[in-house]
Amino acid sequence: MYVSYGLRSSLVMGAKRFFDILISVFLLKRKPQNMEPSSTEGGAEETLLKNHPTSPPHKVILKHGQELEEEQEELAEHQPLEQEDLNFERWKRRPIPKRTLHQKIDDLKKYLWNAETNEFMGRSGKSWSLILLFYAALYMFLAAMFGGCIFCLMWSISPYHPTFNDRVMPPGMTMAPHLEGHDIAFNASDRKSWKKYARSMDEYLRPYNDGAQERKNIHCTQDRYFMQDDLEESAERRACQFKRSWLGDCSGLQDPHYGYSQGKPCILLRMNRILGYLPGQGKPINVTCGVKKGPPEALGEIQFFPKSIFDLKYYPYYGKLRHVNYSSPVVAVRFAGLQYDTHIQVQCKLNGVGIINDSPTDRYLGSVTFTLEVGA
């Protein structure tokens, strides 16, 4: 082949040139004894050797070895390609023959169970035993670690009060009925339009029935906080009564329609429960309602039952586990002089020490806003 012949020629030429250089270096280093120092030729040679000192033999070998490799590469690049090298068809990947369905089924069967090696799905019985043992131990360890974390968590926290509480947020306020958002719209003469509001009021006031309150809670007369911190942490706390009959015309006892049939609707306001919160710092929290959007005269007379305040005797709240029969106090508001066919937006607020009722980000903090529209 052309490439092998060129390579062989280059090697021979390189070797010859290498030996010539070695011989010349050897002769230059050797001085003849019978030569006169004053000889012109010898002096020229000595001057040449002084001005151009010879390099060590290993450097010469390295230099000419690199030149030899460069010459070999140039010769190899300029050699013409043979016809076999230009036949690109032999370098193409041969297509894999398609297997029949019977062959695929046989391969699957062999994969599931190989009778020759006694392997199931590519693993022997010992391999399956080891891998199952590994995963069983792994998941048992994970389950034990998870159970230990849950145990430490439940052991470190109290079910009766928060373990860490840096501050108590001011309470919000909710209302009833709360069916379609905070919109109350009906016609006094149309029973179907206000029946849903009366039914919602019934469900809301069912826990406040007089019989249930007398049976479960105690009668409190003091006008101060009902503190029960001297009891054991897990001991049940007593709750003060809040009877449904105290709500007067909005109790549903005298008027089962809660004034909706007369165009004088009632709503219920409740302050949100906060564990351990003492509202007002010794003074009751007051409730006021007014028109936020719309004509102010359209609201008319407003009546509050039993009073427009939240009594201090219902606080603090000790949580569901200890204050089992606790009933949050409510304030009933009756709009007795509401103007017909007028859409207004009403806002009821909590007023007292430590109360926030004008938050721009939380409209339920210390207040509640709803719309009223009553038709004849």
# chains A, B, ... in the order shown; residues from 1 in each chain; ligands from 1
call {"tool": "residues_around", "arguments": {"residues": "Gly319 of chain A", "least_positions_apart": "5", "cutoff": "12 Å", "atoms": "only C-alpha atoms", "output": "list in words"}}
result
Ser158, Pro159, Tyr160, His161, Pro162, Glu233, Ser234, Ala235, Glu236, Arg237, Arg238, Ala239, Arg273, Ile274, Leu275, Gly276, Tyr277, Val324, Asn325, Tyr326, Ser327 and Ser328 of chain A
call {"tool": "write_last_selection", "arguments": {"atoms": "C-alpha atoms", "output": "PDB file, in the first residue's frame"}}
result
ATOM      1  CA  SER A 158     -49.248  21.088  74.485  1.00  0.00           C
ATOM      2  CA  PRO A 159     -52.729  20.232  73.171  1.00  0.00           C
ATOM      3  CA  TYR A 160     -54.280  22.940  75.333  1.00  0.00           C
ATOM      4  CA  HIS A 161     -52.378  26.088  74.435  1.00  0.00           C
ATOM      5  CA  PRO A 162     -49.689  27.199  71.949  1.00  0.00           C
ATOM      6  CA  GLU A 233     -53.899  22.468  82.644  1.00  0.00           C
ATOM      7  CA  SER A 234     -56.146  19.585  81.549  1.00  0.00           C
ATOM      8  CA  ALA A 235     -59.077  20.499  83.804  1.00  0.00           C
ATOM      9  CA  GLU A 236     -62.339  21.515  82.135  1.00  0.00           C
ATOM     10  CA  ARG A 237     -63.236  25.206  82.406  1.00  0.00           C
ATOM     11  CA  ARG A 238     -66.736  26.458  83.103  1.00  0.00           C
ATOM     12  CA  ALA A 239     -68.498  28.785  80.663  1.00  0.00           C
ATOM     13  CA  ARG A 273     -62.263  33.533  69.367  1.00  0.00           C
ATOM     14  CA  ILE A 274     -58.624  34.011  70.340  1.00  0.00           C
ATOM     15  CA  LEU A 275     -57.070  31.702  72.904  1.00  0.00           C
ATOM     16  CA  GLY A 276     -56.237  33.594  76.091  1.00  0.00           C
ATOM     17  CA  TYR A 277     -57.224  36.982  74.690  1.00  0.00           C
ATOM     18  CA  VAL A 324     -65.989  22.407  75.972  1.00  0.00           C
ATOM     19  CA  ASN A 325     -69.371  24.134  76.359  1.00  0.00           C
ATOM     20  CA  TYR A 326     -68.164  27.649  75.594  1.00  0.00           C
ATOM     21  CA  SER A 327     -70.690  29.852  73.752  1.00  0.00           C
ATOM     22  CA  SER A 328     -69.350  33.008  72.141  1.00  0.00           C
TER      23      SER A 328
END
call {"tool": "select_by_dssp", "arguments": {"residues": "segment 212-332 of chain A", "states": "alpha helix (DSSP H)", "output": "list in words"}}
result
Ala212, Gln213, Glu214, Arg215 and Lys216 of chain A
call {"tool": "residues_around", "arguments": {"residues": "Leu269 of chain A", "least_positions_apart": "5", "cutoff": "6 Å", "atoms": "only C-alpha atoms", "output": "PyMOL selection string"}}
result
chain A and resi 174-175+330-331
call {"tool": "closest_residue", "arguments": {"among": "A:Gly375, A:Gly181, A:Pro279, A:Gly122", "to": "Ile355 of chain A", "atoms": "only C-alpha atoms"}}
result
A:Pro279
call {"tool": "select_by_dssp", "arguments": {"residues": "segment 256-320 of chain A", "states": "strand (DSSP E)", "output": "VMD selection string"}}
result
chain A and resid 266 to 271 285 to 293 302 to 305 309 to 310
call {"tool": "write_last_selection", "arguments": {"atoms": "N, CA, C and O atoms", "output": "PDB file, in the first residue's frame"}}
result
ATOM      1  N   CYS A 266     -82.762  41.385  60.843  1.00  0.00           N
ATOM      2  CA  CYS A 266     -81.799  41.259  61.944  1.00  0.00           C
ATOM      3  C   CYS A 266     -80.544  40.555  61.439  1.00  0.00           C
ATOM      4  O   CYS A 266     -80.617  39.642  60.593  1.00  0.00           O
ATOM      5  N   ILE A 267     -79.419  40.936  61.970  1.00  0.00           N
ATOM      6  CA  ILE A 267     -78.156  40.231  61.727  1.00  0.00           C
ATOM      7  C   ILE A 267     -77.491  39.989  63.081  1.00  0.00           C
ATOM      8  O   ILE A 267     -77.808  40.658  64.080  1.00  0.00           O
ATOM      9  N   LEU A 268     -76.577  39.017  63.108  1.00  0.00           N
ATOM     10  CA  LEU A 268     -75.845  38.662  64.322  1.00  0.00           C
ATOM     11  C   LEU A 268     -74.368  38.928  64.109  1.00  0.00           C
ATOM     12  O   LEU A 268     -73.792  38.531  63.074  1.00  0.00           O
ATOM     13  N   LEU A 269     -73.736  39.566  65.067  1.00  0.00           N
ATOM     14  CA  LEU A 269     -72.309  39.873  65.021  1.00  0.00           C
ATOM     15  C   LEU A 269     -71.589  39.104  66.134  1.00  0.00           C
ATOM     16  O   LEU A 269     -72.086  39.034  67.258  1.00  0.00           O
ATOM     17  N   ARG A 270     -70.452  38.541  65.786  1.00  0.00           N
ATOM     18  CA  ARG A 270     -69.671  37.786  66.776  1.00  0.00           C
ATOM     19  C   ARG A 270     -68.199  38.123  66.622  1.00  0.00           C
ATOM     20  O   ARG A 270     -67.673  38.194  65.501  1.00  0.00           O
ATOM     21  N   MET A 271     -67.531  38.292  67.734  1.00  0.00           N
ATOM     22  CA  MET A 271     -66.090  38.535  67.745  1.00  0.00           C
ATOM     23  C   MET A 271     -65.363  37.191  67.690  1.00  0.00           C
ATOM     24  O   MET A 271     -65.727  36.242  68.397  1.00  0.00           O
ATOM     25  N   ILE A 285     -65.834  45.873  74.915  1.00  0.00           N
ATOM     26  CA  ILE A 285     -65.706  46.275  73.518  1.00  0.00           C
ATOM     27  C   ILE A 285     -67.076  46.704  73.007  1.00  0.00           C
ATOM     28  O   ILE A 285     -68.064  45.982  73.149  1.00  0.00           O
ATOM     29  N   ASN A 286     -67.128  47.866  72.397  1.00  0.00           N
ATOM     30  CA  ASN A 286     -68.372  48.435  71.892  1.00  0.00           C
ATOM     31  C   ASN A 286     -68.535  48.145  70.400  1.00  0.00           C
ATOM     32  O   ASN A 286     -67.547  47.984  69.668  1.00  0.00           O
ATOM     33  N   VAL A 287     -69.808  48.074  69.923  1.00  0.00           N
ATOM     34  CA  VAL A 287     -70.130  47.813  68.520  1.00  0.00           C
ATOM     35  C   VAL A 287     -70.931  48.979  67.976  1.00  0.00           C
ATOM     36  O   VAL A 287     -71.904  49.428  68.602  1.00  0.00           O
ATOM     37  N   THR A 288     -70.533  49.465  66.800  1.00  0.00           N
ATOM     38  CA  THR A 288     -71.261  50.529  66.107  1.00  0.00           C
ATOM     39  C   THR A 288     -71.444  50.135  64.644  1.00  0.00           C
ATOM     40  O   THR A 288     -70.598  49.426  64.079  1.00  0.00           O
ATOM     41  N   CYS A 289     -72.522  50.599  64.035  1.00  0.00           N
ATOM     42  CA  CYS A 289     -72.818  50.331  62.623  1.00  0.00           C
ATOM     43  C   CYS A 289     -73.178  51.643  61.939  1.00  0.00           C
ATOM     44  O   CYS A 289     -73.842  52.508  62.535  1.00  0.00           O
ATOM     45  N   GLY A 290     -72.767  51.767  60.679  1.00  0.00           N
ATOM     46  CA  GLY A 290     -73.064  52.965  59.913  1.00  0.00           C
ATOM     47  C   GLY A 290     -72.977  52.696  58.435  1.00  0.00           C
ATOM     48  O   GLY A 290     -72.530  51.628  57.988  1.00  0.00           O
ATOM     49  N   VAL A 291     -73.431  53.665  57.637  1.00  0.00           N
ATOM     50  CA  VAL A 291     -73.412  53.544  56.177  1.00  0.00           C
ATOM     51  C   VAL A 291     -72.006  53.865  55.674  1.00  0.00           C
ATOM     52  O   VAL A 291     -71.436  54.911  56.001  1.00  0.00           O
ATOM     53  N   LYS A 292     -71.469  52.958  54.869  1.00  0.00           N
ATOM     54  CA  LYS A 292     -70.156  53.174  54.266  1.00  0.00           C
ATOM     55  C   LYS A 292     -70.299  53.752  52.868  1.00  0.00           C
ATOM     56  O   LYS A 292     -69.529  54.635  52.467  1.00  0.00           O
ATOM     57  N   LYS A 293     -71.247  53.236  52.090  1.00  0.00           N
ATOM     58  CA  LYS A 293     -71.537  53.760  50.756  1.00  0.00           C
ATOM     59  C   LYS A 293     -73.049  53.851  50.597  1.00  0.00           C
ATOM     60  O   LYS A 293     -73.755  52.883  50.864  1.00  0.00           O
ATOM     61  N   ILE A 302     -81.415  51.933  64.338  1.00  0.00           N
ATOM     62  CA  ILE A 302     -80.688  50.684  64.581  1.00  0.00           C
ATOM     63  C   ILE A 302     -80.904  50.289  66.035  1.00  0.00           C
ATOM     64  O   ILE A 302     -80.750  51.118  66.945  1.00  0.00           O
ATOM     65  N   GLN A 303     -81.226  49.002  66.262  1.00  0.00           N
ATOM     66  CA  GLN A 303     -81.437  48.469  67.610  1.00  0.00           C
ATOM     67  C   GLN A 303     -80.431  47.348  67.869  1.00  0.00           C
ATOM     68  O   GLN A 303     -80.144  46.535  66.974  1.00  0.00           O
ATOM     69  N   PHE A 304     -79.882  47.297  69.095  1.00  0.00           N
ATOM     70  CA  PHE A 304     -78.916  46.283  69.493  1.00  0.00           C
ATOM     71  C   PHE A 304     -79.497  45.429  70.617  1.00  0.00           C
ATOM     72  O   PHE A 304     -80.119  45.960  71.537  1.00  0.00           O
ATOM     73  N   PHE A 305     -79.273  44.087  70.521  1.00  0.00           N
ATOM     74  CA  PHE A 305     -79.739  43.150  71.557  1.00  0.00           C
ATOM     75  C   PHE A 305     -78.592  42.198  71.912  1.00  0.00           C
ATOM     76  O   PHE A 305     -77.874  41.722  71.016  1.00  0.00           O
ATOM     77  N   ILE A 309     -72.447  45.837  73.416  1.00  0.00           N
ATOM     78  CA  ILE A 309     -71.105  45.542  73.922  1.00  0.00           C
ATOM     79  C   ILE A 309     -70.942  44.030  74.076  1.00  0.00           C
ATOM     80  O   ILE A 309     -71.922  43.279  74.126  1.00  0.00           O
ATOM     81  N   PHE A 310     -69.673  43.599  74.154  1.00  0.00           N
ATOM     82  CA  PHE A 310     -69.318  42.223  74.479  1.00  0.00           C
ATOM     83  C   PHE A 310     -68.844  42.209  75.928  1.00  0.00           C
ATOM     84  O   PHE A 310     -67.803  42.795  76.258  1.00  0.00           O
TER      85      PHE A 310
END
call {"tool": "residues_around", "arguments": {"residues": "Ile344 of chain A", "least_positions_apart": "2", "cutoff": "12 Å", "atoms": "only C-alpha atoms", "output": "list in words"}}
result
Asp183, Ile184, Ala185, Gly290, Val291, Lys292, Lys293, Gly294, Pro295, Pro296, Glu297, Ala298, Leu299, Gly300, Leu338, Gln339, Tyr340, Asp341, Thr342, Val346, Gln347, Thr369, Phe370, Thr371, Leu372, Glu373 and Val374 of chain A
call {"tool": "write_last_selection", "arguments": {"atoms": "C-alpha atoms", "output": "PDB file, in the first residue's frame"}}
result
ATOM      1  CA  ASP A 183     -75.017  40.589  50.417  1.00  0.00           C
ATOM      2  CA  ILE A 184     -78.523  40.694  51.896  1.00  0.00           C
ATOM      3  CA  ALA A 185     -81.203  41.475  49.319  1.00  0.00           C
ATOM      4  CA  GLY A 290     -73.064  52.965  59.913  1.00  0.00           C
ATOM      5  CA  VAL A 291     -73.412  53.544  56.177  1.00  0.00           C
ATOM      6  CA  LYS A 292     -70.156  53.174  54.266  1.00  0.00           C
ATOM      7  CA  LYS A 293     -71.537  53.760  50.756  1.00  0.00           C
ATOM      8  CA  GLY A 294     -74.922  55.200  49.973  1.00  0.00           C
ATOM      9  CA  PRO A 295     -77.258  57.793  51.521  1.00  0.00           C
ATOM     10  CA  PRO A 296     -76.838  57.842  55.341  1.00  0.00           C
ATOM     11  CA  GLU A 297     -80.542  58.503  55.937  1.00  0.00           C
ATOM     12  CA  ALA A 298     -81.455  55.222  54.218  1.00  0.00           C
ATOM     13  CA  LEU A 299     -80.226  53.197  57.220  1.00  0.00           C
ATOM     14  CA  GLY A 300     -82.754  54.577  59.680  1.00  0.00           C
ATOM     15  CA  LEU A 338     -84.469  50.754  56.651  1.00  0.00           C
ATOM     16  CA  GLN A 339     -85.481  52.645  53.503  1.00  0.00           C
ATOM     17  CA  TYR A 340     -86.962  50.461  50.768  1.00  0.00           C
ATOM     18  CA  ASP A 341     -85.443  49.959  47.309  1.00  0.00           C
ATOM     19  CA  THR A 342     -82.155  51.565  48.282  1.00  0.00           C
ATOM     20  CA  VAL A 346     -73.157  48.977  55.870  1.00  0.00           C
ATOM     21  CA  GLN A 347     -70.074  48.585  58.067  1.00  0.00           C
ATOM     22  CA  THR A 369     -68.964  45.100  55.748  1.00  0.00           C
ATOM     23  CA  PHE A 370     -72.131  43.951  53.966  1.00  0.00           C
ATOM     24  CA  THR A 371     -74.763  45.307  51.587  1.00  0.00           C
ATOM     25  CA  LEU A 372     -78.465  45.772  52.311  1.00  0.00           C
ATOM     26  CA  GLU A 373     -81.275  46.166  49.800  1.00  0.00           C
ATOM     27  CA  VAL A 374     -84.883  45.656  50.864  1.00  0.00           C
TER      28      VAL A 374
END
